[in-house]
>>> print(open('upload00.pdb').read())   # PDB, N, CA and C atoms
MODEL        1
ATOM      1  N   MET A   1     102.499 101.013 120.105
ATOM      2  CA  MET A   1     101.321 100.863 119.294
ATOM      3  C   MET A   1     101.079 102.141 118.481
ATOM      4  N   THR A   2     101.276 103.266 119.131
ATOM      5  CA  THR A   2     101.070 104.547 118.450
ATOM      6  C   THR A   2     101.967 104.662 117.225
ATOM      7  N   TYR A   3     103.225 104.248 117.373
ATOM      8  CA  TYR A   3     104.170 104.360 116.258
ATOM      9  C   TYR A   3     103.780 103.441 115.100
ATOM     10  N   TYR A   4     103.250 102.257 115.417
ATOM     11  CA  TYR A   4     102.800 101.359 114.353
ATOM     12  C   TYR A   4     101.660 102.016 113.568
ATOM     13  N   VAL A   5     100.668 102.514 114.273
ATOM     14  CA  VAL A   5      99.504 103.121 113.622
ATOM     15  C   VAL A   5      99.918 104.343 112.800
ATOM     16  N   GLN A   6     100.699 105.226 113.402
ATOM     17  CA  GLN A   6     101.135 106.429 112.682
ATOM     18  C   GLN A   6     102.006 106.069 111.479
ATOM     19  N   GLY A   7     102.913 105.139 111.663
ATOM     20  CA  GLY A   7     103.786 104.731 110.568
ATOM     21  C   GLY A   7     103.009 104.105 109.429
ATOM     22  N   TYR A   8     102.056 103.249 109.765
ATOM     23  CA  TYR A   8     101.267 102.600 108.725
ATOM     24  C   TYR A   8     100.415 103.617 107.978
ATOM     25  N   ALA A   9      99.774 104.508 108.715
ATOM     26  CA  ALA A   9      98.938 105.528 108.072
ATOM     27  C   ALA A   9      99.782 106.428 107.174
ATOM     28  N   GLY A  10     100.961 106.809 107.644
ATOM     29  CA  GLY A  10     101.854 107.635 106.827
ATOM     30  C   GLY A  10     102.303 106.911 105.570
ATOM     31  N   ALA A  11     102.649 105.647 105.706
ATOM     32  CA  ALA A  11     103.081 104.864 104.543
ATOM     33  C   ALA A  11     101.946 104.714 103.530
ATOM     34  N   GLU A  12     100.736 104.460 104.023
ATOM     35  CA  GLU A  12      99.592 104.334 103.124
ATOM     36  C   GLU A  12      99.325 105.652 102.392
ATOM     37  N   ASN A  13      99.375 106.756 103.110
ATOM     38  CA  ASN A  13      99.143 108.059 102.485
ATOM     39  C   ASN A  13     100.200 108.365 101.435
ATOM     40  N   LEU A  14     101.446 108.070 101.742
ATOM     41  CA  LEU A  14     102.523 108.299 100.789
ATOM     42  C   LEU A  14     102.331 107.429  99.548
ATOM     43  N   TRP A  15     101.982 106.170  99.769
ATOM     44  CA  TRP A  15     101.754 105.250  98.652
ATOM     45  C   TRP A  15     100.623 105.771  97.761
ATOM     46  N   ARG A  16      99.533 106.161  98.381
ATOM     47  CA  ARG A  16      98.372 106.650  97.615
ATOM     48  C   ARG A  16      98.709 107.940  96.863
ATOM     49  N   ALA A  17      99.535 108.788  97.447
ATOM     50  CA  ALA A  17      99.907 110.040  96.781
ATOM     51  C   ALA A  17     100.782 109.792  95.557
ATOM     52  N   ARG A  18     101.587 108.755  95.603
ATOM     53  CA  ARG A  18     102.518 108.479  94.505
ATOM     54  C   ARG A  18     101.955 107.527  93.465
ATOM     55  N   GLN A  19     101.065 106.644  93.862
ATOM     56  CA  GLN A  19     100.527 105.637  92.948
ATOM     57  C   GLN A  19      99.069 105.946  92.647
ATOM     58  N   ARG A  20      98.837 106.598  91.545
ATOM     59  CA  ARG A  20      97.455 106.964  91.192
ATOM     60  C   ARG A  20      96.870 106.086  90.091
ATOM     61  N   ASP A  21      97.730 105.375  89.396
ATOM     62  CA  ASP A  21      97.288 104.507  88.309
ATOM     63  C   ASP A  21      97.218 103.064  88.824
ATOM     64  N   PRO A  22      96.018 102.492  88.933
ATOM     65  CA  PRO A  22      95.892 101.138  89.472
ATOM     66  C   PRO A  22      96.718 100.093  88.709
ATOM     67  N   ALA A  23      96.824 100.213  87.403
ATOM     68  CA  ALA A  23      97.613  99.249  86.634
ATOM     69  C   ALA A  23      99.094  99.361  86.990
ATOM     70  N   ALA A  24      99.592 100.597  87.098
ATOM     71  CA  ALA A  24     100.994 100.806  87.461
ATOM     72  C   ALA A  24     101.243 100.328  88.893
ATOM     73  N   GLU A  25     100.289 100.551  89.781
ATOM     74  CA  GLU A  25     100.431 100.108  91.163
ATOM     75  C   GLU A  25     100.521  98.583  91.231
ATOM     76  N   GLY A  26      99.650  97.921  90.503
ATOM     77  CA  GLY A  26      99.668  96.460  90.470
ATOM     78  C   GLY A  26     100.987  95.918  89.938
ATOM     79  N   GLU A  27     101.503  96.546  88.899
ATOM     80  CA  GLU A  27     102.780  96.115  88.325
ATOM     81  C   GLU A  27     103.924  96.335  89.315
ATOM     82  N   LEU A  28     103.933  97.466  89.988
ATOM     83  CA  LEU A  28     104.971  97.750  90.977
ATOM     84  C   LEU A  28     104.928  96.731  92.109
ATOM     85  N   ARG A  29     103.740  96.431  92.600
ATOM     86  CA  ARG A  29     103.602  95.438  93.673
ATOM     87  C   ARG A  29     104.068  94.065  93.206
ATOM     88  N   ARG A  30     103.683  93.688  91.994
ATOM     89  CA  ARG A  30     104.088  92.385  91.456
ATOM     90  C   ARG A  30     105.603  92.287  91.361
ATOM     91  N   ARG A  31     106.238  93.336  90.843
ATOM     92  CA  ARG A  31     107.691  93.329  90.684
ATOM     93  C   ARG A  31     108.404  93.315  92.037
ATOM     94  N   ALA A  32     107.880  94.053  93.000
ATOM     95  CA  ALA A  32     108.495  94.066  94.333
ATOM     96  C   ALA A  32     108.386  92.696  94.999
ATOM     97  N   GLN A  33     107.230  92.050  94.883
ATOM     98  CA  GLN A  33     107.070  90.716  95.458
ATOM     99  C   GLN A  33     107.976  89.722  94.760
ATOM    100  N   GLU A  34     108.081  89.823  93.459
ATOM    101  CA  GLU A  34     108.973  88.946  92.693
ATOM    102  C   GLU A  34     110.428  89.129  93.158
ATOM    103  N   HIS A  35     110.816  90.377  93.397
ATOM    104  CA  HIS A  35     112.161  90.675  93.896
ATOM    105  C   HIS A  35     112.404  89.951  95.228
ATOM    106  N   LEU A  36     111.437  90.027  96.134
ATOM    107  CA  LEU A  36     111.575  89.342  97.417
ATOM    108  C   LEU A  36     111.584  87.826  97.256
ATOM    109  N   ASP A  37     110.717  87.326  96.393
ATOM    110  CA  ASP A  37     110.638  85.878  96.179
ATOM    111  C   ASP A  37     111.971  85.322  95.689
ATOM    112  N   HIS A  38     112.666  86.064  94.854
ATOM    113  CA  HIS A  38     113.954  85.611  94.327
ATOM    114  C   HIS A  38     115.076  85.739  95.360
ATOM    115  N   ARG A  39     114.805  86.399  96.447
ATOM    116  CA  ARG A  39     115.800  86.572  97.511
ATOM    117  C   ARG A  39     115.300  85.982  98.835
ATOM    118  N   GLU A  40     114.479  84.954  98.708
ATOM    119  CA  GLU A  40     113.860  84.351  99.884
ATOM    120  C   GLU A  40     114.891  83.810 100.876
ATOM    121  N   GLU A  41     116.000  83.308 100.393
ATOM    122  CA  GLU A  41     117.026  82.805 101.311
ATOM    123  C   GLU A  41     117.602  83.932 102.167
ATOM    124  N   ARG A  42     117.719  85.103 101.591
ATOM    125  CA  ARG A  42     118.280  86.239 102.323
ATOM    126  C   ARG A  42     117.237  86.910 103.222
ATOM    127  N   TYR A  43     115.982  86.968 102.759
ATOM    128  CA  TYR A  43     114.908  87.637 103.499
ATOM    129  C   TYR A  43     113.709  86.697 103.659
ATOM    130  N   PRO A  44     113.856  85.580 104.359
ATOM    131  CA  PRO A  44     112.773  84.581 104.390
ATOM    132  C   PRO A  44     111.467  85.089 104.997
ATOM    133  N   THR A  45     111.540  85.805 106.080
ATOM    134  CA  THR A  45     110.318  86.289 106.732
ATOM    135  C   THR A  45     109.632  87.338 105.886
ATOM    136  N   LEU A  46     110.398  88.267 105.370
ATOM    137  CA  LEU A  46     109.827  89.317 104.530
ATOM    138  C   LEU A  46     109.211  88.719 103.268
ATOM    139  N   ALA A  47     109.909  87.788 102.642
ATOM    140  CA  ALA A  47     109.386  87.164 101.425
ATOM    141  C   ALA A  47     108.088  86.409 101.706
ATOM    142  N   ARG A  48     108.023  85.773 102.866
ATOM    143  CA  ARG A  48     106.850  84.961 103.201
ATOM    144  C   ARG A  48     105.647  85.810 103.586
ATOM    145  N   TYR A  49     105.880  86.908 104.297
ATOM    146  CA  TYR A  49     104.763  87.643 104.879
ATOM    147  C   TYR A  49     104.510  89.027 104.297
ATOM    148  N   ALA A  50     105.351  89.509 103.417
ATOM    149  CA  ALA A  50     105.179  90.876 102.902
ATOM    150  C   ALA A  50     103.838  91.035 102.195
ATOM    151  N   GLY A  51     103.444  90.046 101.418
ATOM    152  CA  GLY A  51     102.151  90.111 100.754
ATOM    153  C   GLY A  51     101.976  91.339  99.880
ATOM    154  N   LEU A  52     102.999  91.662  99.117
ATOM    155  CA  LEU A  52     102.943  92.875  98.312
ATOM    156  C   LEU A  52     101.933  92.804  97.180
ATOM    157  N   GLY A  53     101.476  91.615  96.861
ATOM    158  CA  GLY A  53     100.463  91.484  95.833
ATOM    159  C   GLY A  53      99.087  91.916  96.315
ATOM    160  N   ASP A  54      98.940  92.017  97.626
ATOM    161  CA  ASP A  54      97.662  92.401  98.215
ATOM    162  C   ASP A  54      97.588  93.919  98.297
ATOM    163  N   ASP A  55      96.590  94.496  97.658
ATOM    164  CA  ASP A  55      96.470  95.956  97.667
ATOM    165  C   ASP A  55      95.417  96.456  98.647
ATOM    166  N   ASP A  56      94.977  95.585  99.550
ATOM    167  CA  ASP A  56      93.984  95.964 100.539
ATOM    168  C   ASP A  56      94.701  96.434 101.808
ATOM    169  N   PHE A  57      94.791  97.746 101.981
ATOM    170  CA  PHE A  57      95.521  98.294 103.118
ATOM    171  C   PHE A  57      94.872  97.907 104.446
ATOM    172  N   ASP A  58      93.565  97.767 104.482
ATOM    173  CA  ASP A  58      92.893  97.402 105.730
ATOM    174  C   ASP A  58      93.286  95.998 106.180
ATOM    175  N   VAL A  59      93.312  95.051 105.253
ATOM    176  CA  VAL A  59      93.711  93.678 105.577
ATOM    177  C   VAL A  59      95.168  93.655 106.028
ATOM    178  N   SER A  60      96.006  94.359 105.314
ATOM    179  CA  SER A  60      97.422  94.422 105.655
ATOM    180  C   SER A  60      97.628  95.062 107.032
ATOM    181  N   PHE A  61      96.899  96.123 107.318
ATOM    182  CA  PHE A  61      97.003  96.781 108.620
ATOM    183  C   PHE A  61      96.614  95.825 109.742
ATOM    184  N   ARG A  62      95.500  95.127 109.558
ATOM    185  CA  ARG A  62      95.041  94.199 110.602
ATOM    186  C   ARG A  62      96.059  93.090 110.837
ATOM    187  N   LEU A  63      96.642  92.557 109.766
ATOM    188  CA  LEU A  63      97.655  91.508 109.919
ATOM    189  C   LEU A  63      98.846  92.037 110.716
ATOM    190  N   GLY A  64      99.312  93.229 110.374
ATOM    191  CA  GLY A  64     100.428  93.820 111.108
ATOM    192  C   GLY A  64     100.083  94.086 112.556
ATOM    193  N   LEU A  65      98.882  94.578 112.797
ATOM    194  CA  LEU A  65      98.447  94.866 114.163
ATOM    195  C   LEU A  65      98.373  93.575 114.981
ATOM    196  N   GLU A  66      97.818  92.527 114.402
ATOM    197  CA  GLU A  66      97.765  91.242 115.099
ATOM    198  C   GLU A  66      99.168  90.739 115.421
ATOM    199  N   THR A  67     100.096  90.931 114.514
ATOM    200  CA  THR A  67     101.474  90.508 114.734
ATOM    201  C   THR A  67     102.096  91.277 115.893
ATOM    202  N   VAL A  68     101.899  92.589 115.923
ATOM    203  CA  VAL A  68     102.424  93.413 117.019
ATOM    204  C   VAL A  68     101.793  92.986 118.344
ATOM    205  N   LEU A  69     100.484  92.820 118.364
ATOM    206  CA  LEU A  69      99.811  92.435 119.602
ATOM    207  C   LEU A  69     100.236  91.050 120.066
ATOM    208  N   ASP A  70     100.436  90.116 119.134
ATOM    209  CA  ASP A  70     100.930  88.788 119.502
ATOM    210  C   ASP A  70     102.308  88.886 120.149
ATOM    211  N   GLY A  71     103.161  89.744 119.606
ATOM    212  CA  GLY A  71     104.488  89.937 120.182
ATOM    213  C   GLY A  71     104.430  90.519 121.580
ATOM    214  N   ILE A  72     103.538  91.469 121.790
ATOM    215  CA  ILE A  72     103.362  92.060 123.121
ATOM    216  C   ILE A  72     102.873  90.995 124.102
ATOM    217  N   ALA A  73     101.929  90.166 123.666
ATOM    218  CA  ALA A  73     101.404  89.109 124.537
ATOM    219  C   ALA A  73     102.509  88.128 124.931
ATOM    220  N   VAL A  74     103.363  87.771 123.989
ATOM    221  CA  VAL A  74     104.482  86.869 124.298
ATOM    222  C   VAL A  74     105.407  87.516 125.327
ATOM    223  N   HIS A  75     105.688  88.784 125.148
ATOM    224  CA  HIS A  75     106.555  89.502 126.082
ATOM    225  C   HIS A  75     105.944  89.528 127.488
ATOM    226  N   ILE A  76     104.664  89.795 127.580
ATOM    227  CA  ILE A  76     103.996  89.846 128.884
ATOM    228  C   ILE A  76     104.025  88.473 129.559
ATOM    229  N   ARG A  77     103.741  87.414 128.790
ATOM    230  CA  ARG A  77     103.775  86.062 129.372
ATOM    231  C   ARG A  77     105.179  85.719 129.866
ATOM    232  N   ALA A  78     106.194  86.052 129.080
ATOM    233  CA  ALA A  78     107.575  85.759 129.482
ATOM    234  C   ALA A  78     107.938  86.534 130.741
ATOM    235  N   ALA A  79     107.527  87.785 130.811
ATOM    236  CA  ALA A  79     107.830  88.600 131.987
ATOM    237  C   ALA A  79     107.121  88.054 133.225
ATOM    238  N   SER A  80     105.893  87.586 133.069
ATOM    239  CA  SER A  80     105.165  87.066 134.226
ATOM    240  C   SER A  80     105.795  85.768 134.729
ATOM    241  N   ARG A  81     106.373  84.979 133.820
ATOM    242  CA  ARG A  81     107.073  83.764 134.244
ATOM    243  C   ARG A  81     108.345  84.096 135.011
ATOM    244  N   ARG A  82     108.951  85.227 134.648
ATOM    245  CA  ARG A  82     110.164  85.663 135.350
ATOM    246  C   ARG A  82     109.820  86.402 136.636
ATOM    247  N   GLY A  83     108.536  86.650 136.860
ATOM    248  CA  GLY A  83     108.125  87.363 138.049
ATOM    249  C   GLY A  83     108.049  88.863 137.862
ATOM    250  N   GLY A  84     108.168  89.316 136.607
ATOM    251  CA  GLY A  84     108.084  90.739 136.317
ATOM    252  C   GLY A  84     106.663  91.154 136.043
ATOM    253  N   SER A  85     106.474  92.438 135.865
ATOM    254  CA  SER A  85     105.139  92.965 135.631
ATOM    255  C   SER A  85     104.759  92.950 134.158
ATOM    256  N   GLY A  86     105.757  92.739 133.281
ATOM    257  CA  GLY A  86     105.453  92.785 131.851
ATOM    258  C   GLY A  86     105.575  94.162 131.270
ATOM    259  N   SER A  87     105.888  95.139 132.116
ATOM    260  CA  SER A  87     106.036  96.514 131.622
ATOM    261  C   SER A  87     107.382  96.668 130.940
ATOM    262  N   ALA A  88     107.508  97.751 130.184
ATOM    263  CA  ALA A  88     108.746  97.998 129.452
ATOM    264  C   ALA A  88     109.935  98.102 130.403
ATOM    265  N   SER A  89     109.707  98.564 131.634
ATOM    266  CA  SER A  89     110.816  98.729 132.566
ATOM    267  C   SER A  89     111.368  97.388 133.035
ATOM    268  N   SER A  90     110.591  96.309 132.904
ATOM    269  CA  SER A  90     111.104  95.004 133.317
ATOM    270  C   SER A  90     111.728  94.242 132.171
ATOM    271  N   ALA A  91     111.711  94.843 130.975
ATOM    272  CA  ALA A  91     112.300  94.186 129.807
ATOM    273  C   ALA A  91     113.812  94.155 129.931
ATOM    274  N   PRO A  92     114.455  93.088 129.402
ATOM    275  CA  PRO A  92     115.909  92.982 129.489
ATOM    276  C   PRO A  92     116.608  94.078 128.712
TER     277      PRO A  92
ENDMDL
END
>>> encode(input="upload00.pdb", output="structure tokens")
Amino acid sequence: MTYYVQGYAGAENLWRARQRDPAAEGELRRRAQEHLDHREERYPTLARYAGLGDDDFDVSFRLGLETVLDGIAVHIRAASRRGGSGSASSAP
């Protein structure tokens, strides 16, 4: 969890430091999303969920956090079915 938060905060800070013109930022996001959309067969998950057109870092952070937490919950449930504790040490 720590790495997700630190990585996201670092990426946001880097983005904000490099993109100071809102019009240029919007164009860059549009072009990046278009690039993914045209390669949806190769990167289906990224194309579907990247949401590069959305410039709201808070919304994007929450979506990513929910995704990470959902993955952790799935791992814990699977481990409990196997009789494990769900801790990282019981992971395959």
>>> residues_around(input="upload00.pdb", residues="region 46-60 of chain A", least_positions_apart="6", cutoff="8 Å", atoms="all atoms listed in the file", output="NGL selection string")
:A and (12 or 26 or 28-40 or 66)
>>> atom_distance(input="upload00.pdb", atom1="atom C of Met1 (chain A)", atom2="CA of Leu65 (chain A)")
8.9 Å
>>> atom_distance(input="upload00.pdb", atom1="atom C of Gly7 (chain A)", atom2="atom C of Ala24 (chain A)")
21.0 Å
>>> axis_aligned_box(input="upload00.pdb", around="region 33-51 of chain A", padding_each_side="6 Å", output="JSON")
{"center_x": 110.1, "center_y": 87.4, "center_z": 99.7, "size_x": 28.3, "size_y": 21.2, "size_z": 26.0}
>>> closest_residue(input="upload00.pdb", among="A:Leu69, A:Ser80, A:Ala23, A:Phe61", to="Tyr8 (chain A)", atoms="only N, CA and C atoms")
A:Phe61
>>> atom_distance(input="upload00.pdb", atom1="CA of Glu27 (chain A)", atom2="CA of Arg62 (chain A)")
23.7 Å
